[in-house]
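*Asks:* For reference, the structure I am asking about is given below.
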Amino acid sequence: MTDIHDNPLDAPNADPFEIAARAAADIARLTGVENHDIALTLGSGWGKAAELIGETIATIPATEVTGFSKPALAGHVGTLRSIRTPGGKNVLVIGARTHYYENHGVRRVVHSVRTAAATGAKIMVLTNGAGGARESWKPGQPVLISDHINLTADSPLEGATFIDLTDLYSTRLRDVARTIDPSLDEGVYTQFRGPHYETPAEVQMAKKMGGDIVGMSTALEAIAAREAGMEILGFSLITNLAAGIQKTPLSHTEVIEAGQAAEPVISALLARVVEAL
């Protein structure tokens, strides 16, 4: 078991890829599933998708896997689940996300993605609950992520590692998603550091930079997934309009409530998309 204060990723000479390989071996041992084809990180509002994707082969506490810690955020379940789809694909569902604002370092933030790649997954589906900067969007609406702006001033890449981020959020996979729901809109996700919500001025800055969605996750994970050679599909659930767009104060309670209200619809959508991948 990995304690939140005693994580092998924090050791000075740790190799994050070797630790991800150890984590993947733990998953294979604990689930009995040697390899996975697709990995899915379920953010706020997306949790019920795990019940709809297929047959659950095994559910394990994330803390039983090397490098994982107990989630700090209420609403995140802290488990890893191996699911077999009706089409016979093995899906690793990650319900244990470490957020950048927890201040555990980027290695911890992207460990789940690197572990998923080490299990054999070739596709990484990243989901989140986020604020919308377009007035036309409504709370409870799912949108595809077409690109991102990383405002954390950080990167999961270490040393002289140069990774091309062109088409980071796969056009091919977005097209697959639209075969399931042609009405899906898309936008550019902007990752802020958090944990405070963005100011109205920061939201306007993001808009002027080309951002449509504001949140506190996903971008760093996507970079790590690309480094690992995975193809990435991103979904945001618009849980609220962003500060200054929405005229009432923002709250985490509001985010949770919007996610719960939208969960049945967006989870069914995501399950159908995963089956089509």
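Labeling convention for the structure tokens: chains A, B, ... as they appear, residues from 1 per chain, ligands from 1 in order of appearance.
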Write out as a short mmCIF file (atom, residue, chain, number, x, y, z; two decimals) with N, CA and C atoms, in the first residue's frame each polymer residue whose atoms come within 10 Å of Thr152 in chain A, counting only C-alpha atoms; drop sequence neighbours fewer than 3 positions from it.
*Replies:*
data_model
loop_
_atom_site.label_atom_id
_atom_site.label_comp_id
_atom_site.auth_asym_id
_atom_site.auth_seq_id
_atom_site.Cartn_x
_atom_site.Cartn_y
_atom_site.Cartn_z
N TYR A 100 -3.13 18.55 -9.70
CA TYR A 100 -1.92 19.35 -9.58
C TYR A 100 -1.94 20.22 -8.33
N TYR A 101 -3.14 20.72 -7.97
CA TYR A 101 -3.23 21.63 -6.84
C TYR A 101 -3.00 20.94 -5.49
N ILE A 149 -4.63 24.65 -23.50
CA ILE A 149 -3.65 25.66 -23.10
C ILE A 149 -3.24 25.31 -21.67
N SER A 155 5.35 20.84 -16.59
CA SER A 155 5.24 19.79 -17.61
C SER A 155 5.61 18.46 -16.98
N THR A 190 -8.48 24.93 -20.97
CA THR A 190 -7.41 25.68 -20.34
C THR A 190 -7.22 25.18 -18.92
N GLN A 191 -6.04 24.62 -18.64
CA GLN A 191 -5.77 24.14 -17.29
C GLN A 191 -5.10 25.24 -16.48
N PHE A 192 -5.78 25.68 -15.42
CA PHE A 192 -5.22 26.56 -14.42
C PHE A 192 -4.67 25.71 -13.27
N ARG A 193 -3.88 26.34 -12.42
CA ARG A 193 -3.26 25.60 -11.32
C ARG A 193 -4.26 25.22 -10.23
N GLY A 194 -5.25 26.11 -9.92
CA GLY A 194 -6.18 25.85 -8.84
C GLY A 194 -5.46 25.92 -7.48
N MET A 216 -8.96 22.40 -13.87
CA MET A 216 -7.76 22.21 -13.06
C MET A 216 -7.12 20.84 -13.26
N SER A 217 -7.37 20.22 -14.40
CA SER A 217 -6.81 18.88 -14.64
C SER A 217 -6.54 18.71 -16.14
N ALA A 219 -4.69 18.62 -18.85
CA ALA A 219 -3.63 18.99 -19.80
C ALA A 219 -2.32 18.26 -19.52
N LEU A 220 -1.90 18.23 -18.27
CA LEU A 220 -0.65 17.55 -17.93
C LEU A 220 -0.75 16.05 -18.19
#
*Asks:* Could you pull out all residues of range 150-188 of chain A with a DSSP call of helix (DSSP H, G or I) and give them as a PyMOL selection string?
*Replies:* chain A and resi 171-180
*Asks:* Please identify all polymer residues within 7 Å of Leu184 in chain A, counting only C-alpha atoms, omitting same-chain residues fewer than 5 positions from it, and present them as a PDB file with N, CA and C atoms, in the first residue's frame.
*Replies:*
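After the write, out_25.pdb holds the following:
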ATOM      1  N   VAL A 143     -18.851  18.362 -23.814  1.00  0.00           N
ATOM      2  CA  VAL A 143     -18.177  18.871 -25.012  1.00  0.00           C
ATOM      3  C   VAL A 143     -16.859  18.133 -25.183  1.00  0.00           C
ATOM      4  N   LEU A 144     -16.453  17.991 -26.425  1.00  0.00           N
ATOM      5  CA  LEU A 144     -15.164  17.383 -26.738  1.00  0.00           C
ATOM      6  C   LEU A 144     -14.051  18.399 -26.564  1.00  0.00           C
ATOM      7  N   ARG A 178     -18.425  11.623 -32.528  1.00  0.00           N
ATOM      8  CA  ARG A 178     -19.538  12.284 -33.223  1.00  0.00           C
ATOM      9  C   ARG A 178     -20.395  11.305 -34.022  1.00  0.00           C
TER      10      ARG A 178
END
*Asks:* Please indicate the distance in Å from CA of Ala153 in chain A to CA of Gly105 in chain A, rounded to one decimal place.
*Replies:*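 If I compute the distance from CA of Ala153 in chain A to CA of Gly105 in chain A, I get 12.5 Å.
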*Asks:* Quick one: of A:Gly47, A:Gly259, A:Gly32, A:Gly131, who's nearest to Val93 in chain A, counting only C-alpha atoms?
*Replies:*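 Between A:Gly47, A:Gly259, A:Gly32, A:Gly131, the residue approaching Val93 in chain A most closely is A:Gly47.
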*Asks:* If we count only C-alpha atoms, what is near Asp37 in chain A at a cut-off of 10 Å, once residues fewer than 3 positions away on the same chain are taken out, given as a VMD selection string?
*Replies:* chain A and resid 84 88 to 92 116 to 117 119 to 124 277
*Asks:* Pick out the residues sitting within 10 Å of Lys138 in chain A, and hand them over as a list in words; count only C-alpha atoms, and ignore anything fewer than 6 positions along from it in its own chain.
*Replies:* Gly131, Gly132, Leu237, Ile238, Thr239, Asn240 and Leu241 of chain A
*Asks:* Range 13-131 of chain A near range 247-256 of chain A within 9 Å: what's each residue's closest atom pair and its distance in Å to one decimal, counting only C-alpha atoms, ordered by chain then ascending residue number, as JSON lines?
*Replies:*
{"residue": "A:Ser44", "atom": "CA", "partner": "A:Ile256", "partner_atom": "CA", "distance": 6.9}
{"residue": "A:Gly45", "atom": "CA", "partner": "A:Ile256", "partner_atom": "CA", "distance": 7.1}
{"residue": "A:Gly75", "atom": "CA", "partner": "A:Ile256", "partner_atom": "CA", "distance": 7.6}
{"residue": "A:Gly129", "atom": "CA", "partner": "A:Val255", "partner_atom": "CA", "distance": 7.3}
{"residue": "A:Ala130", "atom": "CA", "partner": "A:Val255", "partner_atom": "CA", "distance": 8.1}
{"residue": "A:Gly131", "atom": "CA", "partner": "A:Val255", "partner_atom": "CA", "distance": 8.9}
*Asks:* Would you kindly return, as a list of chain:residue names, each protein, DNA or RNA residue with an atom no farther than 6 Å from any atom of Ala24 in chain A, considering only C-alpha atoms and excluding same-chain residues fewer than 3 positions away?
*Replies:*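 Answer for this query is A:Ala21, A:Ile27, A:Thr115, A:Ala118, A:Thr119.
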*Asks:* For a test of reading the model, state the distance in Å between CA of Gly234 in chain A and CA of Asp147 in chain A, rounded to one decimal.
*Replies:*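 Going from CA of Gly234 in chain A over to CA of Asp147 in chain A, I get 8.9 Å.
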*Asks:* Mind checking which residues fall within 12 Å of Thr218 in chain A, counting only C-alpha atoms, ignoring those fewer than 5 positions away in the same chain, and posting them as a VMD selection string?
*Replies:* chain A and resid 40 to 43 97 to 100 106 109 to 110 112 to 113 124 to 130 145 147 to 152 155 to 156 168 to 169 188 to 193 213 223 to 225 232 to 236
*Asks:* For each of A:Pro8, A:Gly87, A:Gly211, A:Gly229, take the minimum atom-to-atom distance to Val65 in chain A, counting only C-alpha atoms, then give the residue where this is smallest.
*Replies:*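 The closest residue to Val65 in chain A is A:Pro8.
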*Asks:* Report the distance between CA of Pro195 in chain A and CA of His104 in chain A in Å, rounded to one decimal place.
*Replies:*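 That distance, rounded to one decimal, is 13.3 Å.
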